[in-house]
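Chemist: Structure supplied as target_26.txt; contents: compact mmCIF, C-alpha atoms.
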# COMPACT_ATOMS: atom_id res chain seq x y z
CA ALA A 1 0.00 0.00 0.00
CA GLN A 2 1.14 3.54 -0.63
CA LYS A 3 2.21 5.64 2.31
CA VAL A 4 4.12 8.83 3.05
CA THR A 5 5.89 9.40 6.35
CA GLN A 6 7.11 12.72 7.62
CA ALA A 7 8.66 11.77 10.93
CA GLN A 8 9.29 15.34 12.05
CA THR A 9 6.07 16.82 13.40
CA GLU A 10 7.57 20.17 14.36
CA ILE A 11 10.89 21.84 13.73
CA SER A 12 12.04 25.14 15.18
CA VAL A 13 15.09 26.98 13.89
CA VAL A 14 16.58 30.42 14.13
CA GLU A 15 16.69 32.59 11.04
CA LYS A 16 19.60 31.89 8.67
CA GLU A 17 19.94 28.30 9.82
CA ASP A 18 19.70 25.53 7.26
CA VAL A 19 16.92 23.01 7.83
CA THR A 20 16.06 19.66 6.23
CA LEU A 21 12.57 18.21 6.18
CA ASP A 22 12.46 14.45 5.79
CA CYS A 23 10.04 12.47 3.67
CA VAL A 24 9.96 8.69 3.25
CA TYR A 25 7.47 6.98 0.98
CA GLU A 26 6.21 3.49 0.21
CA THR A 27 4.83 2.36 -3.10
CA ARG A 28 4.68 -0.78 -5.22
CA ASP A 29 4.27 1.15 -8.42
CA THR A 30 7.25 1.74 -10.69
CA THR A 31 5.76 4.97 -12.02
CA TYR A 32 4.94 7.51 -9.39
CA TYR A 33 5.25 11.19 -8.57
CA LEU A 34 6.44 13.01 -5.49
CA PHE A 35 5.45 16.49 -4.45
CA TRP A 36 6.16 19.07 -1.80
CA TYR A 37 3.56 21.65 -0.83
CA LYS A 38 3.83 24.58 1.57
CA GLN A 39 0.86 25.63 3.68
CA PRO A 40 1.34 29.02 5.36
CA PRO A 41 -1.02 30.17 8.12
CA SER A 42 -3.40 31.58 5.50
CA GLY A 43 -4.28 28.00 4.59
CA GLU A 44 -3.56 27.77 0.88
CA LEU A 45 -1.48 24.81 -0.27
CA VAL A 46 1.30 26.18 -2.43
CA PHE A 47 2.95 23.82 -4.90
CA LEU A 48 6.74 23.71 -4.61
CA ILE A 49 8.02 20.79 -6.67
CA ARG A 50 6.98 17.67 -8.57
CA ARG A 51 9.32 14.79 -9.32
CA ASN A 52 8.65 11.62 -11.27
CA SER A 53 10.11 8.28 -10.32
CA PHE A 54 12.42 8.15 -13.30
CA ASP A 55 14.19 11.41 -12.54
CA GLU A 56 16.55 11.15 -9.58
CA GLN A 57 18.36 14.36 -10.29
CA ASN A 58 18.50 16.66 -7.32
CA GLU A 59 16.98 20.07 -7.82
CA ILE A 60 17.81 23.50 -6.52
CA SER A 61 15.55 26.52 -6.69
CA GLY A 62 16.94 29.53 -4.90
CA ARG A 63 17.21 28.64 -1.22
CA TYR A 64 15.27 25.41 -1.72
CA SER A 65 16.77 22.09 -2.71
CA TRP A 66 15.44 18.57 -2.95
CA ASN A 67 17.25 15.25 -2.63
CA PHE A 68 15.46 12.30 -4.22
CA GLN A 69 16.93 8.86 -3.47
CA LYS A 70 15.04 5.83 -4.72
CA SER A 71 17.42 3.48 -2.88
CA THR A 72 16.12 4.77 0.45
CA SER A 73 12.65 5.83 -0.79
CA SER A 74 13.27 9.34 0.40
CA PHE A 75 12.55 12.78 -0.98
CA ASN A 76 14.02 15.28 1.44
CA PHE A 77 13.66 19.03 1.30
CA THR A 78 16.31 21.48 2.47
CA ILE A 79 15.89 25.20 3.05
CA THR A 80 19.16 27.08 3.13
CA ALA A 81 19.48 30.27 5.18
CA SER A 82 15.93 30.02 6.48
CA GLN A 83 13.77 33.12 6.81
CA VAL A 84 10.77 33.95 8.97
CA VAL A 85 8.57 33.80 5.86
CA ASP A 86 9.45 30.12 5.53
CA SER A 87 7.38 29.39 8.64
CA ALA A 88 4.61 27.07 7.49
CA VAL A 89 3.47 23.47 7.43
CA TYR A 90 5.18 21.51 4.68
CA PHE A 91 3.54 18.45 3.16
CA CYS A 92 5.20 15.74 1.15
CA ALA A 93 2.85 13.79 -1.12
CA LEU A 94 2.89 10.76 -3.39
CA SER A 95 0.81 10.01 -6.45
CA GLU A 96 0.86 6.71 -8.28
CA ALA A 97 0.24 6.69 -12.00
CA ARG A 98 -2.28 3.88 -11.80
CA GLN A 99 -4.29 5.72 -9.14
CA GLY A 100 -5.18 8.49 -11.56
CA GLY A 101 -3.75 11.40 -9.67
CA LYS A 102 -4.87 10.76 -6.10
CA LEU A 103 -2.45 12.45 -3.71
CA ILE A 104 -1.34 10.59 -0.62
CA PHE A 105 -0.11 13.16 1.87
CA GLY A 106 2.28 12.81 4.74
CA GLN A 107 1.17 14.22 8.06
CA GLY A 108 3.11 17.42 7.51
CA THR A 109 6.02 19.11 9.25
CA GLU A 110 5.40 22.41 10.96
CA LEU A 111 8.45 24.63 10.52
CA SER A 112 8.87 27.63 12.76
CA VAL A 113 11.64 30.07 11.89
CA LYS A 114 12.36 32.53 14.65
CA PRO A 115 14.08 35.87 14.14
CA ASP B 1 -4.11 36.38 -11.39
CA ALA B 2 -5.93 33.99 -9.08
CA MET B 3 -6.19 30.62 -10.78
CA VAL B 4 -8.26 28.61 -8.31
CA ILE B 5 -10.80 30.70 -6.47
CA GLN B 6 -12.86 29.62 -3.51
CA ASN B 7 -15.82 31.47 -2.07
CA PRO B 8 -16.43 32.31 0.60
CA ARG B 9 -13.12 32.18 2.47
CA TYR B 10 -14.96 31.81 5.77
CA GLN B 11 -18.38 30.26 6.20
CA VAL B 12 -20.40 29.92 9.37
CA THR B 13 -23.42 27.68 9.40
CA GLN B 14 -25.71 26.15 11.95
CA PHE B 15 -25.89 22.52 12.88
CA GLY B 16 -28.04 20.76 10.30
CA LYS B 17 -28.39 23.76 7.97
CA PRO B 18 -27.34 22.97 4.39
CA VAL B 19 -24.34 24.85 3.09
CA THR B 20 -22.68 25.15 -0.31
CA LEU B 21 -19.05 25.97 -0.95
CA SER B 22 -17.90 27.23 -4.32
CA CYS B 23 -14.78 26.72 -6.39
CA SER B 24 -13.91 28.18 -9.76
CA GLN B 25 -10.80 28.00 -11.90
CA THR B 26 -9.27 29.89 -14.79
CA LEU B 27 -6.81 27.17 -15.73
CA ASN B 28 -9.21 25.20 -17.93
CA HIS B 29 -8.16 22.05 -16.12
CA ASN B 30 -10.30 18.99 -16.67
CA VAL B 31 -9.98 17.55 -13.16
CA MET B 32 -11.30 19.18 -10.00
CA TYR B 33 -10.92 17.87 -6.45
CA TRP B 34 -12.41 18.57 -3.04
CA TYR B 35 -10.38 17.95 0.10
CA GLN B 36 -11.29 18.24 3.74
CA GLN B 37 -8.57 19.28 6.14
CA LYS B 38 -9.10 19.25 9.87
CA SER B 39 -6.84 21.00 12.31
CA SER B 40 -3.25 19.67 12.38
CA GLN B 41 -4.07 16.97 9.85
CA ALA B 42 -3.23 16.33 6.23
CA PRO B 43 -5.83 17.06 3.55
CA LYS B 44 -8.21 14.19 2.91
CA LEU B 45 -9.69 13.66 -0.53
CA LEU B 46 -13.50 13.63 -0.56
CA PHE B 47 -14.14 13.22 -4.30
CA HIS B 48 -13.07 14.45 -7.67
CA TYR B 49 -14.47 15.10 -11.11
CA TYR B 50 -12.61 13.84 -14.13
CA ASP B 51 -14.32 15.99 -16.76
CA LYS B 52 -17.96 15.21 -15.98
CA ASP B 53 -17.28 11.88 -14.34
CA PHE B 54 -17.80 11.98 -10.59
CA ASN B 55 -15.48 9.83 -8.45
CA ASN B 56 -16.37 9.44 -4.81
CA GLU B 57 -13.90 8.19 -2.21
CA ALA B 58 -15.16 5.10 -0.44
CA ASP B 59 -15.13 6.70 3.00
CA THR B 60 -16.74 10.01 2.06
CA PRO B 61 -19.99 10.38 4.02
CA ASP B 62 -23.26 10.64 2.09
CA ASN B 63 -23.74 14.01 3.72
CA PHE B 64 -21.25 15.41 1.21
CA GLN B 65 -22.29 15.94 -2.38
CA SER B 66 -20.78 17.75 -5.31
CA ARG B 67 -21.84 19.36 -8.56
CA ARG B 68 -19.84 20.44 -11.56
CA PRO B 69 -22.07 22.37 -13.96
CA ASN B 70 -19.22 23.25 -16.32
CA THR B 71 -15.44 23.05 -16.64
CA SER B 72 -14.82 26.15 -14.56
CA PHE B 73 -17.05 25.62 -11.55
CA CYS B 74 -17.41 22.97 -8.90
CA PHE B 75 -19.57 23.04 -5.76
CA LEU B 76 -19.43 21.17 -2.49
CA ASP B 77 -22.79 20.69 -0.80
CA ILE B 78 -23.01 19.61 2.81
CA ARG B 79 -26.59 18.55 3.33
CA SER B 80 -26.74 18.50 7.12
CA PRO B 81 -23.53 19.78 8.66
CA GLY B 82 -22.51 18.35 11.97
CA LEU B 83 -20.01 19.69 14.45
CA GLY B 84 -17.50 17.19 13.10
CA ASP B 85 -17.67 18.77 9.66
CA ALA B 86 -15.99 21.94 10.83
CA ALA B 87 -12.80 22.07 8.80
CA MET B 88 -10.93 23.76 6.00
CA TYR B 89 -12.24 22.70 2.60
CA LEU B 90 -9.74 22.87 -0.21
CA CYS B 91 -10.47 22.77 -3.90
CA ALA B 92 -7.76 21.72 -6.35
CA THR B 93 -7.46 21.31 -10.10
CA SER B 94 -5.17 19.45 -12.43
CA ARG B 95 -4.80 18.80 -16.11
CA ASP B 96 -4.73 15.09 -16.76
CA LEU B 97 -4.52 13.87 -20.30
CA ASP B 98 -5.71 10.41 -19.46
CA ARG B 99 -6.40 8.47 -16.33
CA VAL B 100 -2.81 7.33 -15.99
CA ILE B 101 -0.67 10.40 -16.35
CA THR B 102 -0.54 12.52 -13.22
CA ASP B 103 -0.20 16.26 -13.43
CA THR B 104 0.32 18.70 -10.59
CA GLN B 105 -2.66 19.68 -8.47
CA TYR B 106 -3.07 23.39 -7.86
CA PHE B 107 -5.01 24.40 -4.78
CA GLY B 108 -7.29 27.27 -3.98
CA PRO B 109 -7.05 29.29 -0.74
CA GLY B 110 -9.66 27.16 0.99
CA THR B 111 -12.93 27.83 2.79
CA ARG B 112 -12.87 27.54 6.55
CA LEU B 113 -16.21 26.19 7.72
CA THR B 114 -17.49 26.73 11.23
CA VAL B 115 -20.53 24.81 12.46
CA LEU B 116 -22.40 26.29 15.42
What is this file in structure tokens?
Modeler:
Amino acid sequence: AQKVTQAQTEISVVEKEDVTLDCVYETRDTTYYLFWYKQPPSGELVFLIRRNSFDEQNEISGRYSWNFQKSTSSFNFTITASQVVDSAVYFCALSEARQGGKLIFGQGTELSVKP
Amino acid sequence: DAMVIQNPRYQVTQFGKPVTLSCSQTLNHNVMYWYQQKSSQAPKLLFHYYDKDFNNEADTPDNFQSRRPNTSFCFLDIRSPGLGDAAMYLCATSRDLDRVITDTQYFGPGTRLTVL
């Protein structure tokens, strides 16, 4: 069965620290997609990244970077030089091709960045 | 610029009084989803429309219904809200070319429902 685990419920850092949010997934499908979403206090889920199972290249976008490792079924998210505006709940999600787009979310990691 | 719009942002209703939440999109996406998110929990899929085809999740209560009159609009009807239905309701859209390929889901700002 498909499952996404975000073991860190809450993380608190001081501004400018680097922080990594962990995501481990389970799937039996060979074709699947992984996502990260950010949910600030306003409530909207903001799309950050989508990765398919055939693309293990790491990605960097500004202060954000993602490390996808199929060998450990992990898709971790690192924020470099964190800022107060990064404070939010971050969700990792899995979608299997044969499930027609249904997102399986992890439980979320609440990141608090203090000045 | 808003691509997925939800109205209202906040809705207060009384126990047992029917309520309708609205979602519209300017992306021309063929798939629309409704999620329920309770406090400190992950979003939970209620149902989705693939074009005009309605797909209900097995554990979605009968109290929840949906309508999609056209590509742009989708409604969530709660026939008899209970206290346990107080939550954030999120609408999302995606462009799926067939039922296998998965595209990104884009979410609206949500409607926070309070049941008195």
Chemist: Excluding Gln11 (chain B) and its own-chain neighbours fewer than 3 positions away, which residues fall within 9 Å of it when counting only C-alpha atoms? Please give them as a list in words.
Modeler: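 Close residues of Gln11 (chain B): Asn7, Pro8, Val19, Leu21, Thr111, Arg112, Leu113, Thr114 and Val115 of chain B.
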Chemist: Applying 12 Å and all atoms listed in the file, which residues near Asp53 (chain B) remain after dropping the ones on its own chain fewer than 3 positions away? List them as a list in words.
Modeler: Asn30, Val31, Met32, Tyr33, Phe47, His48, Tyr49, Tyr50, Asn56, Ser66, Arg67, Arg68, Pro69, Asn70, Thr71 and Arg99 of chain B
Chemist: Pick from A:Phe54, A:Phe105, A:Phe75, A:Phe68: nearest to Tyr32 (chain A), with only C-alpha atoms counted?
Modeler: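 Among A:Phe54, A:Phe105, A:Phe75, A:Phe68, it is A:Phe54 that comes nearest to Tyr32 (chain A).
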Chemist: Find the residues around Asn63 (chain B) up to 12 Å (only C-alpha atoms counted), leave out those fewer than 5 positions away in its own chain, and share them as a list in words.
Modeler: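 With the cut-off at 12 Å, the set is Gly16, Lys17, Pro18, Val19, Thr20, Leu46, Leu76, Asp77, Ile78, Arg79, Ser80, Pro81, Gly82, Gly84 and Asp85 of chain B.
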Chemist: Could you please select, counting all atoms listed in the file, the residues of chain A within 12 Å of chain B and state them as a PDB file with C-alpha atoms, in the frame of the given file?
Modeler:
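The resulting file, selection07.pdb, is shown below:
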ATOM      1  CA  VAL A   4       4.120   8.830   3.050  1.00  0.00           C
ATOM      2  CA  THR A   5       5.890   9.400   6.350  1.00  0.00           C
ATOM      3  CA  GLN A   6       7.110  12.720   7.620  1.00  0.00           C
ATOM      4  CA  THR A   9       6.070  16.820  13.400  1.00  0.00           C
ATOM      5  CA  GLU A  10       7.570  20.170  14.360  1.00  0.00           C
ATOM      6  CA  THR A  31       5.760   4.970 -12.020  1.00  0.00           C
ATOM      7  CA  TYR A  32       4.940   7.510  -9.390  1.00  0.00           C
ATOM      8  CA  TYR A  33       5.250  11.190  -8.570  1.00  0.00           C
ATOM      9  CA  LEU A  34       6.440  13.010  -5.490  1.00  0.00           C
ATOM     10  CA  PHE A  35       5.450  16.490  -4.450  1.00  0.00           C
ATOM     11  CA  TRP A  36       6.160  19.070  -1.800  1.00  0.00           C
ATOM     12  CA  TYR A  37       3.560  21.650  -0.830  1.00  0.00           C
ATOM     13  CA  LYS A  38       3.830  24.580   1.570  1.00  0.00           C
ATOM     14  CA  GLN A  39       0.860  25.630   3.680  1.00  0.00           C
ATOM     15  CA  PRO A  40       1.340  29.020   5.360  1.00  0.00           C
ATOM     16  CA  PRO A  41      -1.020  30.170   8.120  1.00  0.00           C
ATOM     17  CA  SER A  42      -3.400  31.580   5.500  1.00  0.00           C
ATOM     18  CA  GLY A  43      -4.280  28.000   4.590  1.00  0.00           C
ATOM     19  CA  GLU A  44      -3.560  27.770   0.880  1.00  0.00           C
ATOM     20  CA  LEU A  45      -1.480  24.810  -0.270  1.00  0.00           C
ATOM     21  CA  VAL A  46       1.300  26.180  -2.430  1.00  0.00           C
ATOM     22  CA  PHE A  47       2.950  23.820  -4.900  1.00  0.00           C
ATOM     23  CA  LEU A  48       6.740  23.710  -4.610  1.00  0.00           C
ATOM     24  CA  ILE A  49       8.020  20.790  -6.670  1.00  0.00           C
ATOM     25  CA  ARG A  50       6.980  17.670  -8.570  1.00  0.00           C
ATOM     26  CA  ARG A  51       9.320  14.790  -9.320  1.00  0.00           C
ATOM     27  CA  ASN A  52       8.650  11.620 -11.270  1.00  0.00           C
ATOM     28  CA  SER A  53      10.110   8.280 -10.320  1.00  0.00           C
ATOM     29  CA  ALA A  88       4.610  27.070   7.490  1.00  0.00           C
ATOM     30  CA  VAL A  89       3.470  23.470   7.430  1.00  0.00           C
ATOM     31  CA  TYR A  90       5.180  21.510   4.680  1.00  0.00           C
ATOM     32  CA  PHE A  91       3.540  18.450   3.160  1.00  0.00           C
ATOM     33  CA  CYS A  92       5.200  15.740   1.150  1.00  0.00           C
ATOM     34  CA  ALA A  93       2.850  13.790  -1.120  1.00  0.00           C
ATOM     35  CA  LEU A  94       2.890  10.760  -3.390  1.00  0.00           C
ATOM     36  CA  SER A  95       0.810  10.010  -6.450  1.00  0.00           C
ATOM     37  CA  GLU A  96       0.860   6.710  -8.280  1.00  0.00           C
ATOM     38  CA  ALA A  97       0.240   6.690 -12.000  1.00  0.00           C
ATOM     39  CA  ARG A  98      -2.280   3.880 -11.800  1.00  0.00           C
ATOM     40  CA  GLN A  99      -4.290   5.720  -9.140  1.00  0.00           C
ATOM     41  CA  GLY A 100      -5.180   8.490 -11.560  1.00  0.00           C
ATOM     42  CA  GLY A 101      -3.750  11.400  -9.670  1.00  0.00           C
ATOM     43  CA  LYS A 102      -4.870  10.760  -6.100  1.00  0.00           C
ATOM     44  CA  LEU A 103      -2.450  12.450  -3.710  1.00  0.00           C
ATOM     45  CA  ILE A 104      -1.340  10.590  -0.620  1.00  0.00           C
ATOM     46  CA  PHE A 105      -0.110  13.160   1.870  1.00  0.00           C
ATOM     47  CA  GLY A 106       2.280  12.810   4.740  1.00  0.00           C
ATOM     48  CA  GLN A 107       1.170  14.220   8.060  1.00  0.00           C
ATOM     49  CA  GLY A 108       3.110  17.420   7.510  1.00  0.00           C
ATOM     50  CA  THR A 109       6.020  19.110   9.250  1.00  0.00           C
ATOM     51  CA  GLU A 110       5.400  22.410  10.960  1.00  0.00           C
TER      52      GLU A 110
END
